[in-house]
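Enquirer: What follows is final_20.txt, compact mmCIF, C-alpha atoms.
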```
# COMPACT_ATOMS: atom_id res chain seq x y z
CA MET Y 1 0.00 0.00 0.00
CA ALA Y 2 2.35 2.66 -1.20
CA TYR Y 3 1.35 6.24 -0.72
CA LYS Y 4 3.02 9.48 -1.62
CA LYS Y 5 4.93 10.87 1.30
CA HIS Y 6 3.76 14.34 2.10
CA LEU Y 7 6.91 16.23 3.05
CA GLY Y 8 6.52 18.11 6.32
CA CYS Y 9 3.16 16.58 7.27
CA PRO Y 10 3.35 15.38 10.87
CA PHE Y 11 0.94 12.52 10.17
CA THR Y 12 2.88 11.04 7.29
CA TYR Y 13 6.15 11.52 9.18
CA ALA Y 14 4.76 9.47 12.08
CA LEU Y 15 3.21 6.91 9.72
CA GLU Y 16 6.53 6.38 7.96
CA ILE Y 17 8.11 5.40 11.26
CA PHE Y 18 5.44 3.45 13.15
CA GLY Y 19 2.50 3.38 10.74
CA ASP Y 20 2.34 -0.36 10.44
CA LYS Y 21 0.77 -2.45 13.15
CA TRP Y 22 3.89 -4.40 14.01
CA SER Y 23 6.18 -1.42 14.53
CA LEU Y 24 3.70 0.14 16.92
CA LEU Y 25 3.32 -3.13 18.86
CA VAL Y 26 7.11 -3.47 19.14
CA LEU Y 27 7.29 0.11 20.47
CA ARG Y 28 4.49 -0.68 22.93
CA ASP Y 29 6.40 -3.73 24.19
CA LEU Y 30 9.61 -1.72 24.44
CA ILE Y 31 8.22 1.37 26.16
CA ILE Y 32 5.23 0.13 28.16
CA PHE Y 33 6.14 -3.49 28.88
CA ASN Y 34 9.89 -2.99 29.16
CA LYS Y 35 10.81 -5.81 26.79
CA ARG Y 36 14.44 -5.89 25.67
CA THR Y 37 15.25 -8.97 23.62
CA TYR Y 38 14.23 -10.47 20.30
CA LYS Y 39 12.82 -13.45 22.18
CA GLU Y 40 10.66 -11.22 24.37
CA PHE Y 41 9.29 -9.29 21.38
CA ALA Y 42 8.59 -12.54 19.52
CA ALA Y 43 6.59 -13.82 22.49
CA ALA Y 44 4.07 -10.96 22.29
CA GLY Y 45 0.48 -12.16 22.16
CA GLU Y 46 -0.18 -10.96 18.61
CA GLY Y 47 1.89 -13.67 16.94
CA ILE Y 48 4.47 -11.67 14.99
CA ALA Y 49 6.42 -13.66 12.37
CA THR Y 50 10.17 -13.78 12.98
CA ASN Y 51 11.11 -12.26 9.60
CA ILE Y 52 8.68 -9.36 10.16
CA LEU Y 53 10.04 -8.77 13.65
CA ALA Y 54 13.64 -8.69 12.36
CA ASP Y 55 12.64 -6.25 9.61
CA ARG Y 56 10.78 -3.92 11.97
CA LEU Y 57 13.61 -3.90 14.53
CA ASN Y 58 16.02 -2.96 11.72
CA ASN Y 59 13.76 -0.16 10.52
CA LEU Y 60 13.23 1.20 14.03
CA GLU Y 61 17.00 1.25 14.52
CA LYS Y 62 17.51 3.07 11.20
CA ASP Y 63 14.87 5.62 12.20
CA GLY Y 64 16.61 6.34 15.48
CA MET Y 65 13.90 4.76 17.65
CA ILE Y 66 15.97 1.98 19.19
CA THR Y 67 19.59 1.09 19.78
CA LYS Y 68 21.02 -2.40 20.11
CA LYS Y 69 24.10 -3.79 21.75
CA ARG Y 70 25.45 -7.29 22.30
CA ASP Y 71 24.09 -9.05 25.36
CA PRO Y 72 27.16 -9.38 27.66
CA GLU Y 73 25.73 -12.64 29.00
CA ASN Y 74 25.05 -14.13 25.58
CA ARG Y 75 27.22 -12.76 22.79
CA ARG Y 76 24.90 -14.15 20.12
CA SER Y 77 21.97 -12.02 21.32
CA TYR Y 78 21.23 -8.32 21.37
CA ILE Y 79 19.70 -6.08 23.99
CA TYR Y 80 17.40 -3.41 22.50
CA SER Y 81 16.82 -0.07 24.20
CA PRO Y 82 14.54 2.84 23.39
CA THR Y 83 16.04 6.20 22.45
CA ARG Y 84 14.79 9.54 23.68
CA LYS Y 85 12.94 9.85 20.37
CA SER Y 86 10.84 6.77 21.03
CA LEU Y 87 10.37 7.50 24.73
CA ASP Y 88 8.95 10.84 23.64
CA LEU Y 89 6.04 8.93 22.12
CA PHE Y 90 4.74 8.30 25.61
CA PRO Y 91 2.27 11.24 25.70
CA MET Y 92 0.77 10.00 22.41
CA PHE Y 93 0.57 6.44 23.73
CA TYR Y 94 -1.08 7.73 26.87
CA GLU Y 95 -3.80 9.57 24.93
CA MET Y 96 -4.34 6.53 22.71
CA ILE Y 97 -4.72 4.31 25.76
CA ARG Y 98 -7.23 6.71 27.31
CA TRP Y 99 -9.20 6.84 24.08
CA SER Y 100 -9.34 3.05 23.77
CA ALA Y 101 -10.29 2.66 27.41
CA LYS Y 102 -13.18 5.06 26.90
CA TYR Y 103 -14.62 3.29 23.87
CA ASP Y 104 -13.60 -0.36 24.17
CA THR Y 105 -16.25 -2.11 26.28
CA LYS Y 106 -13.77 -4.97 26.86
CA THR Y 107 -10.85 -2.75 27.82
CA SER Y 108 -8.27 -4.11 30.23
CA VAL Y 109 -6.95 -0.63 31.03
CA PRO Y 110 -7.20 -0.06 34.79
CA ASN Y 111 -9.54 2.74 35.78
CA LYS Y 112 -6.81 4.56 37.65
CA TRP Y 113 -4.91 5.01 34.38
CA VAL Y 114 -7.88 6.59 32.69
CA ARG Y 115 -8.71 8.85 35.59
CA THR Y 116 -5.09 9.87 36.07
CA PRO Y 117 -4.66 13.66 35.91
CA LYS Y 118 -2.13 15.10 33.46
CA SER Y 119 0.36 15.79 36.26
CA THR Y 120 0.48 12.09 37.16
CA MET Y 121 0.90 11.16 33.51
CA GLN Y 122 3.88 13.49 33.31
CA LYS Y 123 5.29 11.83 36.44
CA ILE Y 124 4.93 8.38 34.85
CA GLN Y 125 6.69 9.63 31.72
CA LYS Y 126 9.50 11.10 33.79
CA GLU Y 127 9.94 7.77 35.60
CA ILE Y 128 10.05 5.91 32.29
CA ILE Y 129 12.65 8.31 30.93
CA GLU Y 130 14.74 8.11 34.11
CA ARG Y 131 14.60 4.32 34.00
CA PHE Y 132 16.45 4.47 30.69
CA ALA Y 133 18.67 7.40 31.53
CA CYS Y 134 21.90 5.57 30.81
CA ASP Y 135 20.68 4.52 27.36
CA LEU Y 136 19.43 7.88 26.22
CA LYS Y 137 21.17 9.59 23.37
CA MET U 1 -0.67 -8.87 7.62
CA ALA U 2 -3.11 -10.59 9.95
CA TYR U 3 -2.38 -10.55 13.64
CA LYS U 4 -4.20 -12.00 16.58
CA LYS U 5 -6.37 -9.41 18.23
CA HIS U 6 -5.51 -9.05 21.87
CA LEU U 7 -8.83 -8.58 23.63
CA GLY U 8 -8.83 -5.62 25.96
CA CYS U 9 -5.44 -4.24 24.84
CA PRO U 10 -5.80 -0.52 24.14
CA PHE U 11 -3.17 -0.66 21.39
CA THR U 12 -4.81 -3.42 19.39
CA TYR U 13 -8.23 -1.81 19.88
CA ALA U 14 -6.92 1.43 18.35
CA LEU U 15 -5.04 -0.46 15.61
CA GLU U 16 -8.20 -2.32 14.61
CA ILE U 17 -9.94 0.99 13.98
CA PHE U 18 -7.29 3.26 12.50
CA GLY U 19 -4.20 1.08 12.31
CA ASP U 20 -3.78 1.31 8.58
CA LYS U 21 -2.29 4.39 7.00
CA TRP U 22 -5.31 5.33 4.97
CA SER U 23 -7.84 5.29 7.81
CA LEU U 24 -5.62 7.57 9.85
CA LEU U 25 -5.17 9.96 6.92
CA VAL U 26 -8.96 10.08 6.36
CA LEU U 27 -9.44 10.87 10.05
CA ARG U 28 -6.79 13.57 9.79
CA ASP U 29 -8.60 15.14 6.83
CA LEU U 30 -11.94 14.90 8.63
CA ILE U 31 -10.85 16.25 12.02
CA ILE U 32 -7.94 18.58 11.28
CA PHE U 33 -8.69 19.76 7.73
CA ASN U 34 -12.47 19.74 8.01
CA LYS U 35 -13.03 17.72 4.80
CA ARG U 36 -16.55 16.40 4.34
CA THR U 37 -17.04 14.75 0.94
CA TYR U 38 -15.69 11.76 -0.92
CA LYS U 39 -14.26 14.11 -3.51
CA GLU U 40 -12.41 16.10 -0.86
CA PHE U 41 -10.94 12.96 0.73
CA ALA U 42 -9.91 11.63 -2.68
CA ALA U 43 -8.04 14.86 -3.41
CA ALA U 44 -5.69 14.44 -0.41
CA GLY U 45 -2.03 14.69 -1.35
CA GLU U 46 -1.19 11.06 -0.60
CA GLY U 47 -2.97 9.66 -3.67
CA ILE U 48 -5.53 7.29 -2.14
CA ALA U 49 -7.16 4.86 -4.62
CA THR U 50 -10.94 5.23 -4.91
CA ASN U 51 -11.71 1.62 -3.93
CA ILE U 52 -9.52 1.91 -0.83
CA LEU U 53 -11.15 5.19 0.13
CA ALA U 54 -14.66 3.70 -0.22
CA ASP U 55 -13.63 0.70 1.88
CA ARG U 56 -12.06 2.82 4.64
CA LEU U 57 -15.07 5.15 4.83
CA ASN U 58 -17.33 2.11 5.21
CA ASN U 59 -15.18 0.66 7.97
CA LEU U 60 -14.96 3.96 9.82
CA GLU U 61 -18.75 4.21 9.68
CA LYS U 62 -19.15 0.65 11.00
CA ASP U 63 -16.74 1.42 13.83
CA GLY U 64 -18.78 4.48 14.87
CA MET U 65 -16.11 6.98 13.80
CA ILE U 66 -18.11 8.80 11.11
CA THR U 67 -21.72 9.28 10.05
CA LYS U 68 -22.93 10.02 6.54
CA LYS U 69 -26.01 11.65 5.18
CA ARG U 70 -27.18 12.60 1.71
CA ASP U 71 -25.96 15.94 0.49
CA PRO U 72 -29.15 18.07 0.25
CA GLU U 73 -27.64 19.96 -2.69
CA ASN U 74 -26.60 16.82 -4.59
CA ARG U 75 -28.65 13.74 -3.78
CA ARG U 76 -26.07 11.46 -5.39
CA SER U 77 -23.40 12.52 -2.87
CA TYR U 78 -22.88 12.08 0.85
CA ILE U 79 -21.67 14.43 3.54
CA TYR U 80 -19.44 12.74 6.11
CA SER U 81 -19.19 13.97 9.70
CA PRO U 82 -17.04 12.93 12.63
CA THR U 83 -18.68 11.42 15.72
CA ARG U 84 -17.71 12.25 19.27
CA LYS U 85 -15.67 9.05 19.27
CA SER U 86 -13.43 10.26 16.45
CA LEU U 87 -13.26 13.84 17.72
CA ASP U 88 -11.99 12.38 20.98
CA LEU U 89 -8.87 11.34 19.08
CA PHE U 90 -7.78 14.96 19.03
CA PRO U 91 -5.52 14.77 22.12
CA MET U 92 -3.73 11.79 20.58
CA PHE U 93 -3.39 13.62 17.25
CA TYR U 94 -2.06 16.65 19.07
CA GLU U 95 0.66 14.63 20.81
CA MET U 96 1.56 12.90 17.54
CA ILE U 97 1.85 16.24 15.79
CA ARG U 98 4.11 17.61 18.55
CA TRP U 99 6.28 14.51 18.38
CA SER U 100 6.67 14.74 14.60
CA ALA U 101 7.36 18.46 14.79
CA LYS U 102 10.14 17.80 17.30
CA TYR U 103 11.92 15.13 15.23
CA ASP U 104 11.09 15.89 11.58
CA THR U 105 13.67 18.37 10.34
CA LYS U 106 11.36 19.19 7.41
CA THR U 107 8.25 19.66 9.52
CA SER U 108 5.59 22.06 8.33
CA VAL U 109 4.01 22.28 11.79
CA PRO U 110 3.96 25.94 12.87
CA ASN U 111 6.03 26.69 15.92
CA LYS U 112 3.06 28.10 17.79
CA TRP U 113 1.40 24.66 17.65
CA VAL U 114 4.38 22.99 19.19
CA ARG U 115 4.85 25.62 21.86
CA THR U 116 1.14 25.70 22.69
CA PRO U 117 0.50 25.00 26.37
CA LYS U 118 -1.93 22.22 27.31
CA SER U 119 -4.64 24.72 28.17
CA THR U 120 -4.60 26.11 24.62
CA MET U 121 -4.68 22.60 23.19
CA GLN U 122 -7.81 21.92 25.24
CA LYS U 123 -9.33 25.14 23.92
CA ILE U 124 -8.62 24.08 20.32
CA GLN U 125 -10.23 20.72 21.01
CA LYS U 126 -13.29 22.38 22.55
CA GLU U 127 -13.64 24.59 19.47
CA ILE U 128 -13.40 21.59 17.17
CA ILE U 129 -16.05 19.76 19.17
CA GLU U 130 -18.33 22.79 19.25
CA ARG U 131 -17.94 23.22 15.48
CA PHE U 132 -19.55 19.79 15.06
CA ALA U 133 -22.01 20.07 17.93
CA CYS U 134 -25.05 19.40 15.78
CA ASP U 135 -23.53 16.25 14.35
CA LEU U 136 -22.39 14.71 17.60
CA LYS U 137 -24.06 11.55 18.72
```
Go ahead and render the structure in this file as structure tokens.
Expert:
Amino acid sequence: MAYKKHLGCPFTYALEIFGDKWSLLVLRDLIIFNKRTYKEFAAAGEGIATNILADRLNNLEKDGMITKKRDPENRRSYIYSPTRKSLDLFPMFYEMIRWSAKYDTKTSVPNKWVRTPKSTMQKIQKEIIERFACDLK
Amino acid sequence: MAYKKHLGCPFTYALEIFGDKWSLLVLRDLIIFNKRTYKEFAAAGEGIATNILADRLNNLEKDGMITKKRDPENRRSYIYSPTRKSLDLFPMFYEMIRWSAKYDTKTSVPNKWVRTPKSTMQKIQKEIIERFACDLK
């Protein structure tokens, strides 16, 4: 489904980077669920194929959303970390979660998340960013 | 690219509704650019194919994101309107726009949008919602 990229449009910029389902789910797992390895991403409930996962991780790295380094405990594996650029998606994720929680009758989002005032959301974001402080670039 | 829907997950709920590029671009045109007719959506810069546009409009209607009614001035056309459910995406759109503006070196997002405090963002959202007050359901 090719489409003409609209230079400067904030929607097409975002879509180029995480506009396919799998990229967004990988970012969710990375930022919200704190997953770090290929194995952990592959185990996500949505059943991502291994070749698609490898492709999306590569693209996210190229786009400056993640960094990877060798796992010191297993030199054949990598540890993936979010960059500041991907952590900055948190406010968007937060609003998307609130929207889904409002309209999905089967939502699993805890009420306290939805009712959270903005100031608490900012606190959560700060904690997430501090958690990765050493990886930020 | 089928994936298993994760019941209750706010990410997969959102992805089911606007997780393909075209649906999101139609919602952008509807909510941000105030487009209302098939012809207007088709004229968007990204070059959407007419069969894809028709399909996405149908899906968005089924998902409660838009309503359509006959154009009183041209009975062969429809006027599309956003519902409250789609207008409630505005905070997410706003955060996505700010994120893109921060990282896209070619961004066309005006500085005043990016520097806008939360209170102004809420005012913009209120204005958008009031603009459609008669169509809200």
Enquirer: Put chain U on top of chain Y with a least-squares fit on all C-alpha atoms, paired in order, and send it back as a PDB file with C-alpha atoms, keeping the file's coordinate frame.
Expert:
```
ATOM      1  CA  MET U   1      -0.052  -0.068   0.007  1.00  0.00           C
ATOM      2  CA  ALA U   2       2.317   2.628  -1.202  1.00  0.00           C
ATOM      3  CA  TYR U   3       1.324   6.223  -0.714  1.00  0.00           C
ATOM      4  CA  LYS U   4       3.015   9.445  -1.618  1.00  0.00           C
ATOM      5  CA  LYS U   5       4.896  10.847   1.321  1.00  0.00           C
ATOM      6  CA  HIS U   6       3.758  14.340   2.109  1.00  0.00           C
ATOM      7  CA  LEU U   7       6.908  16.220   3.049  1.00  0.00           C
ATOM      8  CA  GLY U   8       6.557  18.107   6.291  1.00  0.00           C
ATOM      9  CA  CYS U   9       3.177  16.596   7.260  1.00  0.00           C
ATOM     10  CA  PRO U  10       3.354  15.405  10.867  1.00  0.00           C
ATOM     11  CA  PHE U  11       0.941  12.543  10.168  1.00  0.00           C
ATOM     12  CA  THR U  12       2.889  11.056   7.286  1.00  0.00           C
ATOM     13  CA  TYR U  13       6.158  11.527   9.187  1.00  0.00           C
ATOM     14  CA  ALA U  14       4.762   9.480  12.088  1.00  0.00           C
ATOM     15  CA  LEU U  15       3.204   6.920   9.714  1.00  0.00           C
ATOM     16  CA  GLU U  16       6.537   6.390   7.966  1.00  0.00           C
ATOM     17  CA  ILE U  17       8.109   5.411  11.276  1.00  0.00           C
ATOM     18  CA  PHE U  18       5.435   3.465  13.129  1.00  0.00           C
ATOM     19  CA  GLY U  19       2.508   3.391  10.728  1.00  0.00           C
ATOM     20  CA  ASP U  20       2.343  -0.353  10.419  1.00  0.00           C
ATOM     21  CA  LYS U  21       0.781  -2.439  13.142  1.00  0.00           C
ATOM     22  CA  TRP U  22       3.874  -4.389  14.010  1.00  0.00           C
ATOM     23  CA  SER U  23       6.192  -1.420  14.537  1.00  0.00           C
ATOM     24  CA  LEU U  24       3.695   0.138  16.909  1.00  0.00           C
ATOM     25  CA  LEU U  25       3.308  -3.120  18.840  1.00  0.00           C
ATOM     26  CA  VAL U  26       7.114  -3.454  19.154  1.00  0.00           C
ATOM     27  CA  LEU U  27       7.278   0.111  20.469  1.00  0.00           C
ATOM     28  CA  ARG U  28       4.491  -0.690  22.913  1.00  0.00           C
ATOM     29  CA  ASP U  29       6.407  -3.722  24.192  1.00  0.00           C
ATOM     30  CA  LEU U  30       9.619  -1.702  24.437  1.00  0.00           C
ATOM     31  CA  ILE U  31       8.207   1.391  26.154  1.00  0.00           C
ATOM     32  CA  ILE U  32       5.218   0.152  28.148  1.00  0.00           C
ATOM     33  CA  PHE U  33       6.146  -3.475  28.886  1.00  0.00           C
ATOM     34  CA  ASN U  34       9.890  -2.960  29.174  1.00  0.00           C
ATOM     35  CA  LYS U  35      10.802  -5.814  26.782  1.00  0.00           C
ATOM     36  CA  ARG U  36      14.421  -5.864  25.666  1.00  0.00           C
ATOM     37  CA  THR U  37      15.255  -8.962  23.609  1.00  0.00           C
ATOM     38  CA  TYR U  38      14.230 -10.465  20.306  1.00  0.00           C
ATOM     39  CA  LYS U  39      12.846 -13.443  22.174  1.00  0.00           C
ATOM     40  CA  GLU U  40      10.691 -11.218  24.369  1.00  0.00           C
ATOM     41  CA  PHE U  41       9.309  -9.298  21.377  1.00  0.00           C
ATOM     42  CA  ALA U  42       8.610 -12.546  19.526  1.00  0.00           C
ATOM     43  CA  ALA U  43       6.600 -13.836  22.485  1.00  0.00           C
ATOM     44  CA  ALA U  44       4.072 -10.959  22.310  1.00  0.00           C
ATOM     45  CA  GLY U  45       0.480 -12.151  22.168  1.00  0.00           C
ATOM     46  CA  GLU U  46      -0.184 -10.953  18.622  1.00  0.00           C
ATOM     47  CA  GLY U  47       1.894 -13.680  16.949  1.00  0.00           C
ATOM     48  CA  ILE U  48       4.480 -11.676  14.998  1.00  0.00           C
ATOM     49  CA  ALA U  49       6.431 -13.684  12.376  1.00  0.00           C
ATOM     50  CA  THR U  50      10.192 -13.788  12.972  1.00  0.00           C
ATOM     51  CA  ASN U  51      11.113 -12.265   9.593  1.00  0.00           C
ATOM     52  CA  ILE U  52       8.693  -9.379  10.144  1.00  0.00           C
ATOM     53  CA  LEU U  53      10.043  -8.789  13.632  1.00  0.00           C
ATOM     54  CA  ALA U  54      13.655  -8.707  12.363  1.00  0.00           C
ATOM     55  CA  ASP U  55      12.666  -6.275   9.610  1.00  0.00           C
ATOM     56  CA  ARG U  56      10.774  -3.943  11.967  1.00  0.00           C
ATOM     57  CA  LEU U  57      13.612  -3.895  14.510  1.00  0.00           C
ATOM     58  CA  ASN U  58      16.023  -2.952  11.719  1.00  0.00           C
ATOM     59  CA  ASN U  59      13.775  -0.155  10.508  1.00  0.00           C
ATOM     60  CA  LEU U  60      13.219   1.196  14.004  1.00  0.00           C
ATOM     61  CA  GLU U  61      16.987   1.259  14.503  1.00  0.00           C
ATOM     62  CA  LYS U  62      17.511   3.087  11.193  1.00  0.00           C
ATOM     63  CA  ASP U  63      14.862   5.626  12.166  1.00  0.00           C
ATOM     64  CA  GLY U  64      16.628   6.351  15.476  1.00  0.00           C
ATOM     65  CA  MET U  65      13.892   4.777  17.611  1.00  0.00           C
ATOM     66  CA  ILE U  66      15.962   1.988  19.187  1.00  0.00           C
ATOM     67  CA  THR U  67      19.602   1.098  19.775  1.00  0.00           C
ATOM     68  CA  LYS U  68      21.012  -2.398  20.116  1.00  0.00           C
ATOM     69  CA  LYS U  69      24.074  -3.779  21.762  1.00  0.00           C
ATOM     70  CA  ARG U  70      25.428  -7.269  22.313  1.00  0.00           C
ATOM     71  CA  ASP U  71      24.093  -9.018  25.361  1.00  0.00           C
ATOM     72  CA  PRO U  72      27.154  -9.356  27.661  1.00  0.00           C
ATOM     73  CA  GLU U  73      25.743 -12.620  29.022  1.00  0.00           C
ATOM     74  CA  ASN U  74      25.039 -14.122  25.587  1.00  0.00           C
ATOM     75  CA  ARG U  75      27.213 -12.762  22.800  1.00  0.00           C
ATOM     76  CA  ARG U  76      24.901 -14.194  20.144  1.00  0.00           C
ATOM     77  CA  SER U  77      21.997 -12.018  21.343  1.00  0.00           C
ATOM     78  CA  TYR U  78      21.241  -8.313  21.376  1.00  0.00           C
ATOM     79  CA  ILE U  79      19.698  -6.060  23.977  1.00  0.00           C
ATOM     80  CA  TYR U  80      17.399  -3.422  22.496  1.00  0.00           C
ATOM     81  CA  SER U  81      16.817  -0.063  24.181  1.00  0.00           C
ATOM     82  CA  PRO U  82      14.532   2.845  23.398  1.00  0.00           C
ATOM     83  CA  THR U  83      16.037   6.212  22.442  1.00  0.00           C
ATOM     84  CA  ARG U  84      14.766   9.543  23.675  1.00  0.00           C
ATOM     85  CA  LYS U  85      12.934   9.865  20.367  1.00  0.00           C
ATOM     86  CA  SER U  86      10.831   6.769  21.020  1.00  0.00           C
ATOM     87  CA  LEU U  87      10.348   7.511  24.718  1.00  0.00           C
ATOM     88  CA  ASP U  88       8.941  10.858  23.627  1.00  0.00           C
ATOM     89  CA  LEU U  89       6.036   8.933  22.119  1.00  0.00           C
ATOM     90  CA  PHE U  90       4.730   8.308  25.612  1.00  0.00           C
ATOM     91  CA  PRO U  91       2.270  11.247  25.682  1.00  0.00           C
ATOM     92  CA  MET U  92       0.784  10.032  22.400  1.00  0.00           C
ATOM     93  CA  PHE U  93       0.570   6.463  23.732  1.00  0.00           C
ATOM     94  CA  TYR U  94      -1.073   7.754  26.879  1.00  0.00           C
ATOM     95  CA  GLU U  95      -3.779   9.587  24.924  1.00  0.00           C
ATOM     96  CA  MET U  96      -4.334   6.543  22.707  1.00  0.00           C
ATOM     97  CA  ILE U  97      -4.705   4.327  25.749  1.00  0.00           C
ATOM     98  CA  ARG U  98      -7.237   6.721  27.316  1.00  0.00           C
ATOM     99  CA  TRP U  99      -9.193   6.853  24.075  1.00  0.00           C
ATOM    100  CA  SER U 100      -9.325   3.061  23.761  1.00  0.00           C
ATOM    101  CA  ALA U 101     -10.256   2.684  27.414  1.00  0.00           C
ATOM    102  CA  LYS U 102     -13.162   5.084  26.904  1.00  0.00           C
ATOM    103  CA  TYR U 103     -14.621   3.302  23.857  1.00  0.00           C
ATOM    104  CA  ASP U 104     -13.580  -0.359  24.172  1.00  0.00           C
ATOM    105  CA  THR U 105     -16.214  -2.093  26.270  1.00  0.00           C
ATOM    106  CA  LYS U 106     -13.756  -4.960  26.848  1.00  0.00           C
ATOM    107  CA  THR U 107     -10.840  -2.747  27.820  1.00  0.00           C
ATOM    108  CA  SER U 108      -8.256  -4.094  30.220  1.00  0.00           C
ATOM    109  CA  VAL U 109      -6.944  -0.607  31.020  1.00  0.00           C
ATOM    110  CA  PRO U 110      -7.199  -0.050  34.787  1.00  0.00           C
ATOM    111  CA  ASN U 111      -9.524   2.730  35.795  1.00  0.00           C
ATOM    112  CA  LYS U 112      -6.789   4.565  37.654  1.00  0.00           C
ATOM    113  CA  TRP U 113      -4.913   5.012  34.354  1.00  0.00           C
ATOM    114  CA  VAL U 114      -7.886   6.583  32.700  1.00  0.00           C
ATOM    115  CA  ARG U 115      -8.708   8.823  35.628  1.00  0.00           C
ATOM    116  CA  THR U 116      -5.079   9.863  36.084  1.00  0.00           C
ATOM    117  CA  PRO U 117      -4.662  13.637  35.938  1.00  0.00           C
ATOM    118  CA  LYS U 118      -2.137  15.107  33.492  1.00  0.00           C
ATOM    119  CA  SER U 119       0.344  15.775  36.273  1.00  0.00           C
ATOM    120  CA  THR U 120       0.472  12.070  37.161  1.00  0.00           C
ATOM    121  CA  MET U 121       0.871  11.154  33.504  1.00  0.00           C
ATOM    122  CA  GLN U 122       3.883  13.470  33.334  1.00  0.00           C
ATOM    123  CA  LYS U 123       5.291  11.809  36.446  1.00  0.00           C
ATOM    124  CA  ILE U 124       4.907   8.356  34.859  1.00  0.00           C
ATOM    125  CA  GLN U 125       6.669   9.609  31.747  1.00  0.00           C
ATOM    126  CA  LYS U 126       9.502  11.088  33.815  1.00  0.00           C
ATOM    127  CA  GLU U 127       9.934   7.757  35.606  1.00  0.00           C
ATOM    128  CA  ILE U 128      10.046   5.890  32.312  1.00  0.00           C
ATOM    129  CA  ILE U 129      12.654   8.288  30.964  1.00  0.00           C
ATOM    130  CA  GLU U 130      14.730   8.084  34.132  1.00  0.00           C
ATOM    131  CA  ARG U 131      14.585   4.274  34.017  1.00  0.00           C
ATOM    132  CA  PHE U 132      16.431   4.440  30.686  1.00  0.00           C
ATOM    133  CA  ALA U 133      18.657   7.390  31.528  1.00  0.00           C
ATOM    134  CA  CYS U 134      21.879   5.549  30.791  1.00  0.00           C
ATOM    135  CA  ASP U 135      20.663   4.483  27.375  1.00  0.00           C
ATOM    136  CA  LEU U 136      19.392   7.839  26.213  1.00  0.00           C
ATOM    137  CA  LYS U 137      21.170   9.493  23.362  1.00  0.00           C
TER     138      LYS U 137
END
```
Enquirer: Which of these, Y:Leu89, Y:Ala43, Y:Val114, Y:Tyr13, has the shortest distance to Ala101 in chain Y once you count all atoms listed in the file?
Expert: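 Among Y:Leu89, Y:Ala43, Y:Val114, Y:Tyr13, it is Y:Val114 that comes nearest to Ala101 in chain Y.
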Enquirer: Mind pulling up the distance from CA of Lys102 in chain Y to CA of Glu16 in chain Y?
Expert: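 Interatomic distance, CA of Glu16 in chain Y to CA of Lys102 in chain Y: 27.4 Å.
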Enquirer: Return as an MDAnalysis selection string the residues belonging to chain U that are within 8 Å of chain Y, counting all atoms listed in the file.
Expert: chainID U and resid 3:11 13:15 19:21 25 28 45:48 85 88:89 91:97 99:101 103:104 106:109
Enquirer: So which residues touch range 68-82 of chain U within 8 Å, counting only C-alpha atoms, skipping near sequence neighbours fewer than 2 positions away, as a list of chain:residue names?
Expert: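 Returned residues: U:Leu30, U:Ile31, U:Arg36, U:Thr37, U:Tyr38, U:Glu61, U:Met65, U:Ile66, U:Arg84, U:Lys85, U:Ser86, U:Leu87, U:Phe132, U:Asp135, U:Leu136.
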Enquirer: CA of Thr120 in chain Y and CA of Leu27 in chain U, how far apart in Å?
Expert: 28.9 Å
